[in-house]
>>> print(open('structure39.tsv').read())   # TSV, C-alpha atoms and all ligand atoms
chain	number	residue	atom	x	y	z
A	25	MET	CA	54.12	27.54	7.25
A	26	VAL	CA	52.42	24.15	7.56
A	27	HIS	CA	52.34	23.49	3.79
A	28	ALA	CA	49.99	20.50	4.02
A	29	ALA	CA	46.86	19.42	5.87
A	30	THR	CA	44.30	16.62	5.73
A	31	ALA	CA	40.66	16.97	6.70
A	32	ARG	CA	37.72	14.57	6.97
A	33	ALA	CA	34.18	15.75	6.29
A	34	HIS	CA	31.04	13.65	6.41
A	35	THR	CA	28.17	13.93	3.95
A	36	ASN	CA	24.89	15.35	5.12
A	37	ILE	CA	21.31	14.75	4.05
A	38	ALA	CA	18.94	17.69	3.94
A	39	LEU	CA	15.80	17.16	6.00
A	40	ILE	CA	14.51	20.56	4.89
A	41	LYS	CA	15.81	20.91	1.34
A	42	TYR	CA	17.84	23.60	-0.37
A	43	TRP	CA	16.62	24.01	-3.95
A	44	GLY	CA	17.61	27.23	-5.68
A	45	LYS	CA	20.10	30.09	-5.55
A	46	LYS	CA	19.41	33.78	-5.69
A	47	ASP	CA	23.13	34.41	-6.33
A	48	ALA	CA	24.83	31.63	-8.30
A	49	ALA	CA	28.40	32.95	-7.96
A	50	LEU	CA	28.21	33.25	-4.18
A	51	ARG	CA	25.86	30.27	-3.84
A	52	LEU	CA	23.39	32.26	-1.78
A	53	PRO	CA	20.21	30.20	-1.46
A	54	PHE	CA	16.63	31.41	-1.63
A	55	THR	CA	15.83	29.43	1.52
A	56	SER	CA	17.46	28.17	4.67
A	57	SER	CA	17.86	24.39	4.98
A	58	ILE	CA	18.36	21.87	7.79
A	59	SER	CA	20.40	18.69	7.64
A	60	MET	CA	21.59	15.59	9.42
A	61	THR	CA	25.30	14.79	9.09
A	62	LEU	CA	25.88	11.08	8.42
A	63	GLU	CA	28.40	8.85	10.14
A	64	LYS	CA	29.20	6.27	7.47
A	65	PHE	CA	29.90	8.46	4.45
A	66	TYR	CA	32.85	10.88	4.31
A	67	ALA	CA	35.72	12.29	2.27
A	68	ASP	CA	39.37	12.54	3.37
A	69	THR	CA	41.15	15.34	1.53
A	70	SER	CA	44.77	16.53	1.67
A	71	PHE	CA	45.88	19.91	0.43
A	72	THR	CA	49.64	20.27	-0.13
A	73	LEU	CA	51.45	23.39	-1.33
A	74	LEU	CA	53.94	22.62	-4.10
A	75	PRO	CA	57.17	24.30	-5.23
A	76	SER	CA	56.36	26.88	-7.93
A	77	THR	CA	58.02	24.71	-10.58
A	78	GLN	CA	55.28	22.07	-10.18
A	79	GLU	CA	51.80	22.33	-11.62
A	80	SER	CA	48.66	21.98	-9.55
A	81	GLU	CA	47.01	18.57	-9.61
A	82	PHE	CA	43.92	16.83	-8.31
A	83	ILE	CA	44.03	13.14	-7.45
A	84	LEU	CA	40.73	11.45	-6.66
A	85	ASP	CA	40.72	7.95	-5.21
A	86	GLY	CA	44.25	7.39	-6.50
A	87	GLU	CA	43.61	8.58	-10.06
A	88	GLN	CA	44.80	11.83	-11.58
A	89	VAL	CA	41.72	13.84	-12.58
A	90	SER	CA	41.86	15.36	-16.09
A	91	ALA	CA	42.08	19.15	-16.41
A	92	SER	CA	38.53	19.44	-17.72
A	93	ALA	CA	37.02	17.25	-15.00
A	94	ALA	CA	39.03	19.10	-12.33
A	95	ALA	CA	37.98	22.55	-13.59
A	96	ARG	CA	35.28	23.12	-10.95
A	97	VAL	CA	37.66	22.23	-8.11
A	98	MET	CA	40.54	24.30	-9.53
A	99	THR	CA	38.29	27.32	-10.04
A	100	TYR	CA	37.04	26.92	-6.47
A	101	VAL	CA	40.57	26.87	-5.03
A	102	ALA	CA	41.49	29.94	-7.13
A	103	THR	CA	38.46	31.72	-5.64
A	104	LEU	CA	39.53	30.81	-2.09
A	105	GLN	CA	43.13	31.90	-2.79
A	106	GLN	CA	41.95	35.25	-4.08
A	107	ARG	CA	39.61	35.84	-1.14
A	108	HIS	CA	42.28	34.98	1.41
A	109	GLY	CA	45.19	36.70	-0.34
A	110	VAL	CA	47.29	33.55	-0.76
A	111	SER	CA	48.76	31.90	-3.85
A	112	GLY	CA	50.83	28.99	-5.13
A	113	THR	CA	50.44	25.65	-6.85
A	114	PHE	CA	49.11	22.69	-4.91
A	115	ARG	CA	48.15	19.04	-4.90
A	116	ILE	CA	44.71	17.93	-3.78
A	117	GLU	CA	44.40	14.26	-2.91
A	118	SER	CA	40.96	13.05	-1.99
A	119	HIS	CA	39.55	9.69	-0.95
A	120	ASN	CA	35.85	9.34	-1.13
A	121	HIS	CA	34.20	7.01	1.37
A	122	VAL	CA	30.74	7.49	-0.06
A	123	PRO	CA	29.78	4.22	-1.70
A	124	ILE	CA	28.22	4.87	-5.08
A	125	SER	CA	25.74	2.21	-4.05
A	126	ALA	CA	24.44	4.40	-1.23
A	127	GLY	CA	23.05	6.81	-3.79
A	128	LEU	CA	24.21	9.74	-1.69
A	129	ALA	CA	25.63	12.90	-3.19
A	130	SER	CA	29.30	13.32	-2.33
A	131	SER	CA	29.71	17.02	-3.07
A	132	SER	CA	28.79	18.03	0.49
A	133	SER	CA	31.65	16.06	2.06
A	134	ALA	CA	34.08	16.73	-0.82
A	135	PHE	CA	33.92	20.52	-0.78
A	136	CYS	CA	33.75	20.75	3.00
A	137	ALA	CA	36.89	18.62	3.43
A	138	LEU	CA	38.68	20.61	0.73
A	139	ALA	CA	37.80	23.97	2.34
A	140	ALA	CA	39.07	22.75	5.72
A	141	ALA	CA	42.32	21.30	4.31
A	142	PHE	CA	42.92	24.51	2.34
A	143	ALA	CA	42.44	26.67	5.44
A	144	ALA	CA	44.86	24.60	7.52
A	145	ALA	CA	47.51	24.29	4.81
A	146	TYR	CA	47.66	28.09	4.53
A	147	GLU	CA	47.34	28.48	8.32
A	148	LEU	CA	44.34	30.75	7.92
A	149	ASP	CA	42.82	31.93	11.13
A	150	VAL	CA	39.23	30.84	10.44
A	151	ASP	CA	36.56	29.65	12.85
A	152	ARG	CA	33.88	27.13	11.90
A	153	THR	CA	31.44	29.82	10.83
A	154	GLU	CA	34.00	31.16	8.39
A	155	LEU	CA	34.71	27.60	7.27
A	156	SER	CA	31.01	27.11	6.53
A	157	ARG	CA	31.16	30.24	4.35
A	158	MET	CA	34.20	28.89	2.49
A	159	ALA	CA	32.58	25.47	1.96
A	160	ARG	CA	29.38	27.10	0.66
A	161	LEU	CA	31.32	28.63	-2.22
A	162	GLY	CA	32.26	25.13	-3.43
A	163	SER	CA	28.83	23.51	-3.14
A	164	GLY	CA	25.78	24.72	-1.28
A	165	SER	CA	25.20	21.53	0.68
A	166	ALA	CA	28.90	21.45	1.75
A	167	THR	CA	28.35	24.35	4.14
A	168	ARG	CA	26.23	22.09	6.38
A	169	SER	CA	28.92	19.38	6.67
A	170	VAL	CA	31.10	21.63	8.84
A	171	PHE	CA	28.96	20.58	11.81
A	172	GLY	CA	27.88	17.19	13.12
A	173	GLY	CA	24.39	16.10	14.14
A	174	PHE	CA	21.73	18.57	13.07
A	175	ALA	CA	22.78	21.80	11.34
A	176	LYS	CA	21.00	24.76	9.80
A	177	TRP	CA	22.24	26.73	6.83
A	178	GLU	CA	20.80	30.21	7.36
A	179	ARG	CA	20.01	31.64	3.97
A	180	GLY	CA	21.14	35.12	5.11
A	181	HIS	CA	21.21	37.95	2.63
A	182	ASP	CA	24.87	38.18	1.58
A	183	ASP	CA	28.18	36.35	1.76
A	184	GLU	CA	28.69	37.39	5.37
A	185	THR	CA	25.35	36.19	6.67
A	186	SER	CA	24.75	32.99	4.63
A	187	VAL	CA	26.44	30.53	6.99
A	188	THR	CA	25.70	27.32	8.85
A	189	ARG	CA	25.22	26.99	12.58
A	190	PRO	CA	24.90	23.81	14.64
A	191	LEU	CA	21.45	22.98	16.03
A	192	ASP	CA	22.52	19.92	18.02
A	193	GLU	CA	25.94	18.43	17.31
A	194	HIS	CA	25.48	15.36	19.52
A	195	PRO	CA	21.80	14.41	19.38
A	196	SER	CA	20.67	11.71	21.76
A	197	LEU	CA	17.66	11.17	19.51
A	198	ASP	CA	17.19	7.62	18.26
A	199	LEU	CA	17.25	8.27	14.50
A	200	SER	CA	18.60	5.92	11.83
A	201	LEU	CA	18.84	6.50	8.12
A	202	THR	CA	18.66	3.63	5.66
A	203	ALA	CA	19.80	4.55	2.15
A	204	VAL	CA	17.84	2.53	-0.41
A	205	GLU	CA	19.59	2.50	-3.77
A	206	VAL	CA	17.20	1.70	-6.60
A	207	ASP	CA	19.20	3.04	-9.56
A	208	THR	CA	22.81	4.20	-9.99
A	209	SER	CA	22.68	5.59	-13.53
A	210	PRO	CA	23.87	9.20	-13.86
A	211	LYS	CA	21.34	11.94	-13.21
A	212	ALA	CA	19.62	13.28	-16.31
A	213	VAL	CA	19.52	16.75	-14.76
A	214	PRO	CA	22.45	17.70	-12.47
A	215	SER	CA	21.19	19.35	-9.28
A	216	THR	CA	22.86	22.71	-10.02
A	217	VAL	CA	21.03	22.81	-13.38
A	218	GLY	CA	17.77	21.44	-12.00
A	219	MET	CA	17.52	23.93	-9.17
A	220	ARG	CA	18.33	26.84	-11.47
A	221	ARG	CA	15.64	25.85	-13.96
A	222	THR	CA	13.11	25.37	-11.18
A	223	ALA	CA	13.82	28.71	-9.50
A	224	GLU	CA	13.78	30.61	-12.79
A	225	THR	CA	10.66	29.09	-14.34
A	226	SER	CA	8.28	27.47	-11.84
A	227	PRO	CA	5.24	29.63	-11.13
A	228	TYR	CA	5.08	27.90	-7.74
A	229	TYR	CA	8.62	28.85	-6.71
A	230	PRO	CA	7.58	31.74	-4.41
A	231	VAL	CA	5.28	29.33	-2.56
A	232	TRP	CA	8.19	26.92	-2.12
A	233	VAL	CA	10.33	29.69	-0.61
A	234	GLU	CA	7.62	30.74	1.81
A	235	ASN	CA	6.79	27.16	2.86
A	236	THR	CA	10.42	26.16	3.27
A	237	GLU	CA	11.19	29.06	5.61
A	238	LYS	CA	8.18	28.05	7.72
A	239	ALA	CA	9.25	24.40	7.62
A	240	CYS	CA	12.71	25.36	8.90
A	241	GLY	CA	11.14	27.01	11.95
A	242	LEU	CA	8.98	23.97	12.62
A	243	MET	CA	11.91	21.59	12.14
A	244	GLU	CA	14.06	23.57	14.57
A	245	ARG	CA	11.34	23.20	17.18
A	246	ALA	CA	10.94	19.48	16.46
A	247	ILE	CA	14.71	18.96	16.83
A	248	ALA	CA	14.78	20.92	20.10
A	249	ALA	CA	11.90	18.73	21.35
A	250	GLN	CA	13.62	15.56	20.02
A	251	ASP	CA	10.32	14.70	18.38
A	252	PHE	CA	11.04	11.81	16.00
A	253	THR	CA	7.54	11.81	14.49
A	254	ARG	CA	7.50	15.52	13.74
A	255	ILE	CA	11.04	15.45	12.32
A	256	GLY	CA	10.07	12.57	10.03
A	257	GLU	CA	6.82	14.20	8.89
A	258	LEU	CA	8.50	17.52	8.12
A	259	ALA	CA	11.43	15.89	6.30
A	260	GLN	CA	9.14	13.79	4.13
A	261	GLN	CA	6.96	16.77	3.26
A	262	SER	CA	9.97	18.90	2.30
A	263	ALA	CA	11.18	16.15	-0.06
A	264	LEU	CA	7.72	15.79	-1.61
A	265	ASP	CA	7.44	19.57	-2.02
A	266	MET	CA	10.83	19.72	-3.76
A	267	HIS	CA	10.04	16.88	-6.14
A	268	ALA	CA	6.58	18.26	-6.90
A	269	LEU	CA	8.24	21.58	-7.69
A	270	THR	CA	10.60	20.14	-10.32
A	271	MET	CA	7.57	18.96	-12.29
A	272	THR	CA	6.29	22.55	-12.42
A	273	ALA	CA	9.49	23.97	-13.96
A	274	ARG	CA	9.31	24.92	-17.64
A	275	PRO	CA	10.03	22.37	-19.00
A	276	GLY	CA	9.09	20.19	-16.06
A	277	PHE	CA	11.20	17.21	-15.03
A	278	THR	CA	11.39	14.58	-12.34
A	279	TYR	CA	14.13	12.59	-10.60
A	280	PHE	CA	11.67	9.82	-9.81
A	281	GLN	CA	11.94	6.43	-11.50
A	282	PRO	CA	9.28	3.72	-11.27
A	283	GLU	CA	11.35	2.12	-8.50
A	284	THR	CA	11.20	5.37	-6.52
A	285	LEU	CA	7.42	5.07	-6.34
A	286	ALA	CA	7.72	1.39	-5.47
A	287	ALA	CA	10.06	2.35	-2.62
A	288	ILE	CA	7.61	5.02	-1.39
A	289	SER	CA	4.86	2.36	-1.43
A	290	THR	CA	7.09	0.10	0.63
A	291	VAL	CA	7.49	2.86	3.24
A	292	GLU	CA	3.70	3.27	3.25
A	293	ALA	CA	3.23	-0.48	3.68
A	294	LEU	CA	5.65	-0.47	6.61
A	295	ASN	CA	3.68	2.32	8.29
A	296	ASP	CA	0.44	0.41	7.66
A	297	ALA	CA	2.06	-2.55	9.41
A	298	GLY	CA	2.86	-0.36	12.43
A	299	VAL	CA	6.53	0.40	11.64
A	300	GLU	CA	6.82	4.16	11.88
A	301	CYS	CA	9.19	5.47	9.20
A	302	TYR	CA	9.52	8.34	6.76
A	303	PHE	CA	11.37	8.93	3.52
A	304	THR	CA	13.45	11.69	2.01
A	305	ILE	CA	14.74	11.90	-1.56
A	306	ASP	CA	17.55	14.03	-3.02
A	307	ALA	CA	18.17	14.98	-6.64
A	308	GLY	CA	18.00	11.38	-7.83
A	309	PRO	CA	15.75	8.32	-7.76
A	310	ASN	CA	17.04	6.76	-4.53
A	311	ILE	CA	15.24	7.08	-1.23
A	312	LYS	CA	16.47	7.34	2.35
A	313	VAL	CA	14.29	5.97	5.11
A	314	LEU	CA	14.25	7.62	8.54
A	315	SER	CA	13.37	5.33	11.42
A	316	ARG	CA	14.15	4.32	14.97
A	317	ALA	CA	17.09	1.92	15.32
A	318	GLU	CA	14.85	-0.93	16.56
A	319	ASN	CA	12.98	-0.93	13.23
A	320	VAL	CA	15.96	-0.98	10.87
A	321	GLU	CA	15.99	-4.76	10.48
A	322	GLU	CA	12.30	-5.00	9.72
A	323	ILE	CA	12.59	-2.16	7.19
A	324	ALA	CA	15.50	-3.90	5.49
A	325	ASN	CA	13.62	-7.20	5.38
A	326	ARG	CA	10.57	-5.53	3.85
A	327	PHE	CA	12.67	-3.90	1.13
A	328	ARG	CA	14.50	-7.14	0.38
A	329	ALA	CA	11.15	-8.90	0.00
A	330	HIS	CA	9.42	-6.20	-2.08
A	331	MET	CA	12.40	-4.95	-4.07
A	332	PRO	CA	15.14	-7.61	-4.16
A	333	ALA	CA	17.41	-5.58	-6.47
A	334	VAL	CA	17.98	-2.67	-4.09
A	335	THR	CA	21.14	-2.06	-2.05
A	336	LEU	CA	20.69	-0.96	1.57
A	337	THR	CA	23.07	0.96	3.82
A	338	THR	CA	22.11	2.08	7.33
A	339	THR	CA	23.78	4.84	9.31
A	340	SER	CA	23.09	7.53	11.90
A	341	PHE	CA	24.54	10.86	13.07
A	342	GLY	CA	28.09	11.74	12.11
A	343	PRO	CA	30.53	14.36	13.42
A	344	GLY	CA	31.53	17.69	11.93
A	345	VAL	CA	34.68	18.30	9.94
A	346	GLU	CA	37.91	17.23	11.64
A	347	TYR	CA	41.63	17.25	10.92
A	348	LEU	CA	43.55	14.02	10.43
A	349	ALA	CA	46.97	15.64	9.94
A	401	LIG	C1	20.17	19.69	-0.35
A	401	LIG	N1	20.50	19.07	-2.72
A	401	LIG	O1	19.67	20.52	0.42
A	401	LIG	C2	19.60	19.63	-1.76
A	401	LIG	C3	18.38	18.76	-1.80
A	401	LIG	C4	19.92	18.01	-3.46
A	401	LIG	C5	18.49	17.95	-3.05
A	401	LIG	O2	22.11	20.51	-2.24
A	401	LIG	O3	24.78	23.73	-7.00
A	401	LIG	O4	25.57	19.86	-4.85
A	401	LIG	O5	26.73	22.75	-5.76
A	401	LIG	O6	25.13	24.30	-4.60
A	401	LIG	O7	24.71	21.31	-2.96
A	401	LIG	C6	22.56	19.16	-4.06
A	401	LIG	O8	23.12	20.24	-4.66
A	401	LIG	O9	24.39	22.05	-5.34
A	401	LIG	C7	21.70	19.62	-2.96
A	401	LIG	P1	25.29	23.28	-5.68
A	401	LIG	P2	24.57	20.85	-4.36
A	401	LIG	O10	21.05	18.89	0.02
>>> encode(input="structure39.tsv", output="structure tokens", more="lines below")
Ligand code: 2P0
Amino acid sequence: MVHAATARAHTNIALIKYWGKKDAALRLPFTSSISMTLEKFYADTSFTLLPSTQESEFILDGEQVSASAAARVMTYVATLQQRHGVSGTFRIESHNHVPISAGLASSSSAFCALAAAFAAAYELDVDRTELSRMARLGSGSATRSVFGGFAKWERGHDDETSVTRPLDEHPSLDLSLTAVEVDTSPKAVPSTVGMRRTAETSPYYPVWVENTEKACGLMERAIAAQDFTRIGELAQQSALDMHALTMTARPGFTYFQPETLAAISTVEALNDAGVECYFTIDAGPNIKVLSRAENVEEIANRFRAHMPAVTLTTTSFGPGVEYLA
């Protein structure tokens, strides 16, 4: 028995977005989604089995997490234990290397690293497909962080078939992502809540599902062709579709802030000036700009001039989940 393991998982950004579950308990999505795993942002998580006299604990960035705040993680581990026929108390120790200032969600890296550390600590015989299934149960987006480069979460139709597969783990494509943080205040509508409301109430939801499945097919082709322009166009459209959809929920809502629109205008101005770039936006007001590496400096300069308050972080493709110990 190994008793302890540490895993590193990188965050990913969806280029074709996941926005809605048809089965909340199993986190089965209505649509497939396609992502890019990011190099600079990751979580390192250790899972250690404890003697039965000790209680389970969760330590995040050096601080003990309160029972109520740790409830989602503890429930998740209990689910994994039950599914894999293992038991015992444990300590989870996680270090998040996702700067708050990047405005990137950390749940994808957090739950992926935890699933991997759990599997190794219990010496479970799981391949990466099975790991993607385990990560999915913690957070939908976490399933895609099992693989590096480009990955596709196939929506499937049940627990067995809703898994992630790599599209290109080591892309040679010249693609940079610049995270533009315009606002760090907490989200008014958490993504789990927002996607549920949208799927349950938007009259346009069936159109979203149909379009997103088509967009996945087109994105797969664009990735295979290493077509930067097509990848950027499709990613931007998927983000716009998702954010348009939230406004059509009942009641409608938006993650956009005035600065989000200013940032979109800045991307448009860059394109007008001949700098080809595209944006994507997750469940928050911050935008991420997709560009070629040679244009990163000019993009940063334009943002600093137009929006001096923003924080910028640039990265590119990251690897899949890996073990540190
Ligand atoms: C995505 N997002 O595809 C989409 C696009 C945000 C916008 O997945 O409820 O933390 O835990 O499955 O994965 C964020 O939601 O949601 C997300 P749950 P998750 O990346």
>>> residues_near_ligand(input="structure39.tsv", ligand="ligand LIG 401 (chain A)", cutoff="7 Å", atoms="all atoms listed in the file", output="JSON, numbers by chain")
{"A": [37, 38, 40, 41, 42, 43, 51, 57, 131, 132, 162, 163, 164, 165, 166, 215, 216, 306, 307]}
>>> closest_atom_pairs(input="structure39.tsv", of="region 200-237 of chain A", to="region 178-186 of chain A", cutoff="12 Å", atoms="all atoms listed in the file", output="JSON lines")
{"residue": "A:Val233", "atom": "CA", "partner": "A:Arg179", "partner_atom": "CA", "distance": 10.9}
{"residue": "A:Thr236", "atom": "CA", "partner": "A:Arg179", "partner_atom": "CA", "distance": 11.1}
{"residue": "A:Glu237", "atom": "CA", "partner": "A:Arg179", "partner_atom": "CA", "distance": 9.3}
>>> closest_residue(input="structure39.tsv", among="A:Glu224, A:Glu87, A:Glu292, A:Glu346", to="Ile323 (chain A)", atoms="only C-alpha atoms")
A:Glu292
>>> closest_residue(input="structure39.tsv", among="A:Ser196, A:Thr30, A:Ser92, A:Ser209", to="Ser340 (chain A)", atoms="only C-alpha atoms")
A:Ser196
>>> residues_around(input="structure39.tsv", residues="Glu81 (chain A)", least_positions_apart="5", cutoff="8 Å", atoms="all atoms listed in the file", output="list in words")
Gln88, Val89, Phe114, Arg115 and Ile116 of chain A
>>> atom_distance(input="structure39.tsv", atom1="CA of Gly172 (chain A)", atom2="CA of Phe327 (chain A)")
28.6 Å
>>> atom_distance(input="structure39.tsv", atom1="CA of Glu117 (chain A)", atom2="CA of Gly218 (chain A)")
29.0 Å
>>> closest_residue(input="structure39.tsv", among="A:Thr335, A:Thr35, A:Thr61, A:Ser226", to="Val206 (chain A)", atoms="all atoms listed in the file")
A:Thr335
>>> atom_distance(input="structure39.tsv", atom1="CA of His34 (chain A)", atom2="CA of Phe71 (chain A)")
17.2 Å
>>> closest_residue(input="structure39.tsv", among="A:Val231, A:Val122, A:Leu161, A:Val217", to="Leu50 (chain A)", atoms="all atoms listed in the file")
A:Leu161
>>> residues_around(input="structure39.tsv", residues="region 146-149 of chain A", least_positions_apart="4", cutoff="10 Å", atoms="only C-alpha atoms", output="ChimeraX atom specification")
/A:25-29,71-73,105,108,110-111,140-142,154-155
>>> residues_around(input="structure39.tsv", residues="Ser200 (chain A)", least_positions_apart="5", cutoff="12 Å", atoms="only C-alpha atoms", output="MDAnalysis selection string")
chainID A and resid 60:64 173 195 252 256 300:303 312:321 323 337:342
>>> residues_around(input="structure39.tsv", residues="Phe277 (chain A)", least_positions_apart="5", cutoff="9 Å", atoms="all atoms listed in the file", output="VMD selection string")
chain A and resid 213 218 267 270 to 272
>>> write_last_selection(input="structure39.tsv", atoms="C-alpha atoms", output="PDB file, keeping the file's coordinate frame")
ATOM      1  CA  VAL A 213      19.520  16.750 -14.760  1.00  0.00           C
ATOM      2  CA  GLY A 218      17.770  21.440 -12.000  1.00  0.00           C
ATOM      3  CA  HIS A 267      10.040  16.880  -6.140  1.00  0.00           C
ATOM      4  CA  THR A 270      10.600  20.140 -10.320  1.00  0.00           C
ATOM      5  CA  MET A 271       7.570  18.960 -12.290  1.00  0.00           C
ATOM      6  CA  THR A 272       6.290  22.550 -12.420  1.00  0.00           C
TER       7      THR A 272
END
>>> decode(input="structure39.tsv", residues="region 132-149 of chain A", atoms="N, CA, C and O atoms", output="JSON list (two decimals), in the first residue's frame")
[["chain", "number", "residue", "atom", "x", "y", "z"],
["A", 132, "SER", "N", -10.94, 23.17, -12.36],
["A", 132, "SER", "CA", -10.50, 22.14, -13.31],
["A", 132, "SER", "C", -9.21, 21.49, -12.83],
["A", 132, "SER", "O", -9.10, 20.26, -12.79],
["A", 133, "SER", "N", -8.23, 22.30, -12.43],
["A", 133, "SER", "CA", -6.96, 21.72, -11.97],
["A", 133, "SER", "C", -7.14, 21.07, -10.60],
["A", 133, "SER", "O", -6.58, 20.00, -10.33],
["A", 134, "ALA", "N", -7.93, 21.68, -9.73],
["A", 134, "ALA", "CA", -8.08, 21.18, -8.35],
["A", 134, "ALA", "C", -8.67, 19.78, -8.33],
["A", 134, "ALA", "O", -8.12, 18.86, -7.70],
["A", 135, "PHE", "N", -9.78, 19.56, -9.02],
["A", 135, "PHE", "CA", -10.42, 18.25, -8.95],
["A", 135, "PHE", "C", -9.68, 17.20, -9.77],
["A", 135, "PHE", "O", -9.71, 16.01, -9.43],
["A", 136, "CYS", "N", -9.00, 17.62, -10.81],
["A", 136, "CYS", "CA", -8.21, 16.66, -11.58],
["A", 136, "CYS", "C", -7.02, 16.16, -10.75],
["A", 136, "CYS", "O", -6.75, 14.95, -10.69],
["A", 137, "ALA", "N", -6.32, 17.09, -10.10],
["A", 137, "ALA", "CA", -5.16, 16.69, -9.27],
["A", 137, "ALA", "C", -5.62, 15.80, -8.11],
["A", 137, "ALA", "O", -4.95, 14.82, -7.77],
["A", 138, "LEU", "N", -6.76, 16.13, -7.53],
["A", 138, "LEU", "CA", -7.27, 15.33, -6.40],
["A", 138, "LEU", "C", -7.62, 13.92, -6.87],
["A", 138, "LEU", "O", -7.27, 12.93, -6.20],
["A", 139, "ALA", "N", -8.29, 13.80, -8.00],
["A", 139, "ALA", "CA", -8.67, 12.47, -8.51],
["A", 139, "ALA", "C", -7.42, 11.62, -8.74],
["A", 139, "ALA", "O", -7.37, 10.44, -8.38],
["A", 140, "ALA", "N", -6.39, 12.24, -9.33],
["A", 140, "ALA", "CA", -5.16, 11.50, -9.64],
["A", 140, "ALA", "C", -4.43, 11.08, -8.36],
["A", 140, "ALA", "O", -3.95, 9.94, -8.25],
["A", 141, "ALA", "N", -4.35, 11.99, -7.38],
["A", 141, "ALA", "CA", -3.67, 11.66, -6.12],
["A", 141, "ALA", "C", -4.43, 10.56, -5.38],
["A", 141, "ALA", "O", -3.82, 9.64, -4.82],
["A", 142, "PHE", "N", -5.75, 10.65, -5.40],
["A", 142, "PHE", "CA", -6.59, 9.63, -4.76],
["A", 142, "PHE", "C", -6.31, 8.26, -5.40],
["A", 142, "PHE", "O", -6.08, 7.26, -4.70],
["A", 143, "ALA", "N", -6.31, 8.20, -6.71],
["A", 143, "ALA", "CA", -6.13, 6.92, -7.41],
["A", 143, "ALA", "C", -4.78, 6.30, -7.07],
["A", 143, "ALA", "O", -4.68, 5.09, -6.83],
["A", 144, "ALA", "N", -3.74, 7.14, -7.01],
["A", 144, "ALA", "CA", -2.40, 6.59, -6.72],
["A", 144, "ALA", "C", -2.26, 6.19, -5.26],
["A", 144, "ALA", "O", -1.63, 5.18, -4.95],
["A", 145, "ALA", "N", -2.84, 6.97, -4.36],
["A", 145, "ALA", "CA", -2.71, 6.65, -2.93],
["A", 145, "ALA", "C", -3.35, 5.30, -2.62],
["A", 145, "ALA", "O", -2.86, 4.55, -1.78],
["A", 146, "TYR", "N", -4.44, 4.99, -3.31],
["A", 146, "TYR", "CA", -5.11, 3.70, -3.10],
["A", 146, "TYR", "C", -4.61, 2.62, -4.07],
["A", 146, "TYR", "O", -5.16, 1.52, -4.12],
["A", 147, "GLU", "N", -3.61, 2.97, -4.85],
["A", 147, "GLU", "CA", -3.06, 2.05, -5.86],
["A", 147, "GLU", "C", -4.14, 1.45, -6.75],
["A", 147, "GLU", "O", -4.17, 0.23, -7.01],
["A", 148, "LEU", "N", -5.03, 2.30, -7.21],
["A", 148, "LEU", "CA", -6.10, 1.83, -8.10],
["A", 148, "LEU", "C", -5.51, 1.65, -9.50],
["A", 148, "LEU", "O", -4.68, 2.45, -9.95],
["A", 149, "ASP", "N", -5.96, 0.63, -10.15],
["A", 149, "ASP", "CA", -5.46, 0.35, -11.49],
["A", 149, "ASP", "C", -6.35, 1.09, -12.49],
["A", 149, "ASP", "O", -7.28, 0.52, -13.05]]
